[in-house]
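Beneath this line is the structure, given in structure tokens, with notes to follow.
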2 protein chains.
Amino acid sequence: MEAPSTPSKSRNPNKFQSSSSSSSHHHSAMARKSSLVKQTIVCSACFVLVLYAFFNTFLHPTDSPPSPLFPDGVVRDDVFVGSTAASKVKVFMYDLPRQFTVGIIEGHARARGSSDFSKSRYPGHQHMGEWYLFADLNRTEEERVGSPVVRVYDPEEADLFFVPVFSSLSLIVNTNRPGADQAYSDEKMQDELVQWLEQQVYWRRNSGRDHVIAAGDPNALYRVMDQVKNSVLLLSDFGRVRPDQGSLIKDLIIPYAHRINSYTGELGVEKRNTLLFFMGNRYRKDGGKIRDLLFQMLETEDDVIIKHGTQSRENRRAATRGMHTSKFCLNPAGDTPSACRLFDAIVSLCVPVIVSDSIELPFEDVIDYKKIAIFVGTKASLRPGYLASLLRGVSTERILEFQKELKQVSHYFEYGEPNGAVNEIWRQVSQKLPLIKLMINRDKRLIKRDLSEPDCSCLCTNKTGFVTSI
Amino acid sequence: MEAPSTPSKSRNPNKFQSSSSSSSHHHSAMARKSSLVKQTIVCSACFVLVLYAFFNTFLHPTDSPPSPLFPDGVVRDDVFVGSTAASKVKVFMYDLPRQFTVGIIEGHARARGSSDFSKSRYPGHQHMGEWYLFADLNRTEEERVGSPVVRVYDPEEADLFFVPVFSSLSLIVNTNRPGADQAYSDEKMQDELVQWLEQQVYWRRNSGRDHVIAAGDPNALYRVMDQVKNSVLLLSDFGRVRPDQGSLIKDLIIPYAHRINSYTGELGVEKRNTLLFFMGNRYRKDGGKIRDLLFQMLETEDDVIIKHGTQSRENRRAATRGMHTSKFCLNPAGDTPSACRLFDAIVSLCVPVIVSDSIELPFEDVIDYKKIAIFVGTKASLRPGYLASLLRGVSTERILEFQKELKQVSHYFEYGEPNGAVNEIWRQVSQKLPLIKLMINRDKRLIKRDLSEPDCSCLCTNKTGFVTSI
């Protein structure tokens, strides 16, 4: 995957400042239409309509329905909602000191031996969602097509505050660089970020509740999680945060950036001869211990490919081939319940088989994952022969249904597309605003109480769950 | 307060089918404005504007910004959101068996000796919000001005399902009627309601998660709360529900219907010579025990009126006089943390002094209650002399600020107004839809797990709270 334009370019919000093109568009539209108008104007009855249109447009107060000539209700309804309840959410992006943004990109390049930082780009990796959000808000509003939020430059106007720290990149600056310059410290970055935030008046105002911070890597910001836990955190899962630090209510599960190419071919199983494919790290901690057990069990199956492999360009090519030519893709838990492989499988139209009992999934209000994936309980998945025979029993017709649904939702997982992950993340964050405002107002008037338990409001499931979703 | 039109009338959604009145309004407005137009039209430059306005109004496609004459961006943004993301939420209202709606009104009338039910109206009482919601959805869409939801008649189209049971009225059918016909049983009604719901395919589909049920009285539906706890409950407080039955996340705090008249006079303290006013039941259970203690302490203060009194027409008149002529109104907890008196105080522009540590308040995302009320901790309020001297110390200027804010938000507490409580309740319910959908989708794919604690997502406050908000 190609990283988008260089940060130094995109950081200038005024890159395409004037919108003269759109106003000249208006004028030519006017010219085109006025000839039409001349033909119409002959009849005097039309003139009355013109008068009507005139005061309609000029004399009506702006808060009245703008188009009483279309009284079917639809236009009026939408306009009403638009002009009162659903104005776009206003986001202020901090102009962070560069040590929290571009400085981290440079640190990453330096650790890899670079000395010319003018060519440094944000490097492609699975948690680069943080980059796309930063880049998005650095575009002009004209370029931010279909975005549910608008960037504002006056914090007083803002509904929400975005802290564009590259927290996940910071974590891997020194990864796999044992001999590299250890000048960069992620822990130091975290501490300094919190110090900086605590000096900001808008952070202090509501203890960070109306702030949005990306921490895609399950280990990102781990050291200061307690200091930033009031914010809306953009997370991959809740594997490394406590229930009082992160939750489905307050935070947002965001997709990993997929690391293999999207499948652009036809739906179908003709070219997908492998039943089940997995390539990745065989040995993982915690919930990921299941991987080795699955390897032992599935290695002997003829139509299953299960291979150990770490992240590398070559392995990515092999994984692409495998995912594009398999009916099902195995997605066991990693060190935490989520893993980037799920999103690779989705854009490969390779039906995900999820073996990760505590997984939480992005955008689950708009995506019914039961329609695009098969969930299998960890215990059940380890019964000898169970998994392979379960999948062999899925009809071609059913696989095609899965593929169709996968194709329909795959745009949600494309960070680079206009109708993709970035806009959906902002939409989901916007939906949290009423609860954020409620909690902010409520905090202001809370009376000191002797509570035996923390003061929490919860949403619980009463479902006991299944063994498999199919 | 006058109850609105009879239920039998209002149940017909086509009562006022044609909106000819509104179109004739347009014509007279047209006549009034056309003379203005004649004066303006002399200059030929204006004629060009007329032409522009003409094609603007008639030739623009409906999905384009309706008013390019105001190119400041605001209109365009709003329209965009309106026509794509924020379409109105669709609500299906069940046509319940009459024993859950009109039958309860008749039962109430029968217990009071009536035999002619054709004249029975829903009786005015503090939890009559349930009536206004039912009446609202029985109006035509043309009449439901500014509503954020649209009623649909096909359940397949619905986002949410409204169960218009008169659960609070049911509770008081036999109240204060010891000699009355005990044929009516609220408990039987509750049991039968659940039996009926459990036969409905749309209730079973998501275990009631996408259903909305009013239970304004803290005791309403108490017997079947566990069976309806998945639904969005419209409650006055959480005093009688367990944390797994009700929460700020899942449910909605709705206002009591105020029982005394709104104050329509000028802002100011000239005619408000009483410092602090309270009239209500001196003796209450649980948190309400504080009332007797407050009586003992405040009875001796010269500029405080604190009187025992139960609900009656005469007492309501006295309370109206008192609230309209006092600077502050005392709102201690009742049997549960909430009480109708708060809403009487708000519409009286009598600054509420809330002594109820666990109170939850309606619409707190849009209302900053610290701006309209004074919160005092229960313990602090009982320190001798503390409360009266705290209030005497509030400047006239500050009281005026409170009154101004009260006036601005009072419409949220008017069930009978177009821009009032009903529309706000639907708006707030609509905001819960993303979380409802998320939980529905998540429930479908959950894997059986051995959890030591319930599977909950929570939002917590980290504030320790104040002694008083002023």
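Residues in the structure tokens are numbered from 1 in each chain, the chains being A, B, ... in the order shown, and ligands are numbered from 1 in the order shown.
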
Check your understanding: Near A:Phe100, within 10 Å and counting only C-alpha atoms, which residues show up once chain neighbours fewer than 3 positions away are dropped, as a ChimeraX atom specification?
Key -> /A:95-97,103-105,163-167,170,189-190,192-193

**Study point:** Contact residues around B:Leu171 with only C-alpha atoms at 7 Å, ignoring same-chain residues under 3 positions, as a PyMOL selection string
**Key:** chain B and resi 167-168+186+220

Practice item. Quick one: everything within 10 Å of stretch 361-363 of chain A, counting only C-alpha atoms, minus sequence neighbours fewer than 2 positions away in the same chain. Send it as an MDAnalysis selection string. Key: (chainID A and resid 235:237 248 252:256 337:338 342 358:359 365:369 412:413 421 424:425 427:428) or (chainID B and resid 434 438 442)

Pull C-alpha atoms from the residues just selected and write them as a PDB file, in the first residue's frame.
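Ended up saving to result-v6.pdb:
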ATOM      1  CA  LEU A 235      -8.939   1.346  19.464  1.00  0.00           C
ATOM      2  CA  SER A 236      -8.536  -2.017  17.759  1.00  0.00           C
ATOM      3  CA  ASP A 237      -9.903  -3.897  20.753  1.00  0.00           C
ATOM      4  CA  LEU A 248     -18.078   0.221  23.422  1.00  0.00           C
ATOM      5  CA  LEU A 252     -14.684   3.331  18.970  1.00  0.00           C
ATOM      6  CA  ILE A 253     -13.338   0.129  17.470  1.00  0.00           C
ATOM      7  CA  ILE A 254     -11.568   1.094  14.251  1.00  0.00           C
ATOM      8  CA  PRO A 255     -10.401  -1.256  11.493  1.00  0.00           C
ATOM      9  CA  TYR A 256      -6.780  -2.131  10.947  1.00  0.00           C
ATOM     10  CA  PRO A 337      -8.683 -10.459  20.485  1.00  0.00           C
ATOM     11  CA  SER A 338      -8.273  -8.519  17.217  1.00  0.00           C
ATOM     12  CA  LEU A 342      -9.550 -10.060   9.465  1.00  0.00           C
ATOM     13  CA  SER A 358     -13.897 -11.701  22.988  1.00  0.00           C
ATOM     14  CA  ILE A 359     -13.469  -9.887  19.699  1.00  0.00           C
ATOM     15  CA  ASP A 365     -24.180  -0.743  14.123  1.00  0.00           C
ATOM     16  CA  VAL A 366     -24.047  -0.669  10.323  1.00  0.00           C
ATOM     17  CA  ILE A 367     -22.389  -4.046   9.679  1.00  0.00           C
ATOM     18  CA  ASP A 368     -24.068  -7.323  10.557  1.00  0.00           C
ATOM     19  CA  TYR A 369     -20.955  -9.468  10.852  1.00  0.00           C
ATOM     20  CA  TYR A 412     -15.839   0.588   5.255  1.00  0.00           C
ATOM     21  CA  PHE A 413     -12.360  -0.923   5.521  1.00  0.00           C
ATOM     22  CA  ALA A 421     -13.135   4.108   6.849  1.00  0.00           C
ATOM     23  CA  GLU A 424     -17.272   6.261   8.870  1.00  0.00           C
ATOM     24  CA  ILE A 425     -14.983   6.819  11.867  1.00  0.00           C
ATOM     25  CA  ARG A 427     -19.666   9.494  11.656  1.00  0.00           C
ATOM     26  CA  GLN A 428     -19.360   7.040  14.523  1.00  0.00           C
TER      27      GLN A 428
ATOM     28  CA  PRO B 434     -26.783   3.436  16.667  1.00  0.00           C
ATOM     29  CA  LEU B 438     -24.792  -2.260  17.458  1.00  0.00           C
ATOM     30  CA  ARG B 442     -23.428  -7.998  18.319  1.00  0.00           C
TER      31      ARG B 442
END

Exercise for review: Write out as number ranges by chain the residues lying within 12 Å of A:Cys460, counting only C-alpha atoms and excluding same-chain residues fewer than 3 positions away.
Suggested key: A: 247-249, 457, 463-464; B: 209, 229-231, 243-247, 249-250, 435-436, 438-440, 442-443, 453-459

**Study point:** Those in stretch 94-329 of chain B with strand (DSSP E) from DSSP, as a count of residues only
**Key:** 34

Practice item. For B:Arg321, list every protein, DNA or RNA residue within 12 Å, evaluated using only C-alpha atoms, and leave out those in the same chain fewer than 6 positions away; present the list as a PyMOL selection string. Key: chain B and resi 260-263+271-274+277-279+305+314-315+344-345+348+350

Expected file: the selected residues, N, CA and C atoms, as an mmCIF file, in the first residue's frame:
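The new file again.cif reads:
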data_model
loop_
_atom_site.group_PDB
_atom_site.id
_atom_site.type_symbol
_atom_site.label_atom_id
_atom_site.label_comp_id
_atom_site.auth_asym_id
_atom_site.auth_seq_id
_atom_site.Cartn_x
_atom_site.Cartn_y
_atom_site.Cartn_z
ATOM 1 N N ILE B 260 -48.721 22.825 37.485
ATOM 2 C CA ILE B 260 -49.181 24.193 37.739
ATOM 3 C C ILE B 260 -48.856 25.024 36.501
ATOM 4 N N ASN B 261 -49.511 26.177 36.384
ATOM 5 C CA ASN B 261 -49.390 26.968 35.164
ATOM 6 C C ASN B 261 -48.002 27.580 35.014
ATOM 7 N N SER B 262 -47.590 27.719 33.777
ATOM 8 C CA SER B 262 -46.324 28.387 33.506
ATOM 9 C C SER B 262 -46.437 29.863 33.869
ATOM 10 N N TYR B 263 -45.325 30.429 34.322
ATOM 11 C CA TYR B 263 -45.270 31.858 34.647
ATOM 12 C C TYR B 263 -45.019 32.628 33.363
ATOM 13 N N LYS B 271 -41.538 41.065 42.234
ATOM 14 C CA LYS B 271 -42.767 40.435 42.729
ATOM 15 C C LYS B 271 -42.500 39.090 43.394
ATOM 16 N N ARG B 272 -41.239 38.800 43.636
ATOM 17 C CA ARG B 272 -40.893 37.517 44.264
ATOM 18 C C ARG B 272 -40.290 37.800 45.640
ATOM 19 N N ASN B 273 -41.164 38.014 46.605
ATOM 20 C CA ASN B 273 -40.693 38.413 47.933
ATOM 21 C C ASN B 273 -40.311 37.245 48.825
ATOM 22 N N THR B 274 -40.812 36.059 48.507
ATOM 23 C CA THR B 274 -40.425 34.885 49.294
ATOM 24 C C THR B 274 -39.069 34.393 48.819
ATOM 25 N N PHE B 277 -39.519 28.564 48.553
ATOM 26 C CA PHE B 277 -40.867 28.022 48.662
ATOM 27 C C PHE B 277 -40.856 26.511 48.514
ATOM 28 N N PHE B 278 -41.662 25.861 49.348
ATOM 29 C CA PHE B 278 -41.921 24.437 49.151
ATOM 30 C C PHE B 278 -43.323 24.115 49.609
ATOM 31 N N MET B 279 -44.037 23.350 48.823
ATOM 32 C CA MET B 279 -45.322 22.838 49.259
ATOM 33 C C MET B 279 -45.418 21.429 48.718
ATOM 34 N N ILE B 305 -41.259 29.882 52.882
ATOM 35 C CA ILE B 305 -42.573 29.252 53.041
ATOM 36 C C ILE B 305 -42.402 27.762 52.789
ATOM 37 N N GLU B 314 -57.054 22.770 44.847
ATOM 38 C CA GLU B 314 -56.831 23.952 45.684
ATOM 39 C C GLU B 314 -55.347 24.122 46.031
ATOM 40 N N ASN B 315 -54.725 23.023 46.390
ATOM 41 C CA ASN B 315 -53.297 23.099 46.720
ATOM 42 C C ASN B 315 -52.466 23.488 45.500
ATOM 43 N N ASP B 344 -42.507 21.953 37.813
ATOM 44 C CA ASP B 344 -43.353 23.092 38.187
ATOM 45 C C ASP B 344 -42.480 24.321 38.451
ATOM 46 N N ALA B 345 -41.378 24.129 39.166
ATOM 47 C CA ALA B 345 -40.475 25.244 39.476
ATOM 48 C C ALA B 345 -39.885 25.833 38.196
ATOM 49 N N SER B 348 -42.212 27.907 36.370
ATOM 50 C CA SER B 348 -42.537 29.081 37.181
ATOM 51 C C SER B 348 -41.390 30.077 37.217
ATOM 52 N N CYS B 350 -38.941 29.835 38.931
ATOM 53 C CA CYS B 350 -38.534 29.860 40.337
ATOM 54 C C CYS B 350 -37.305 28.958 40.426
#
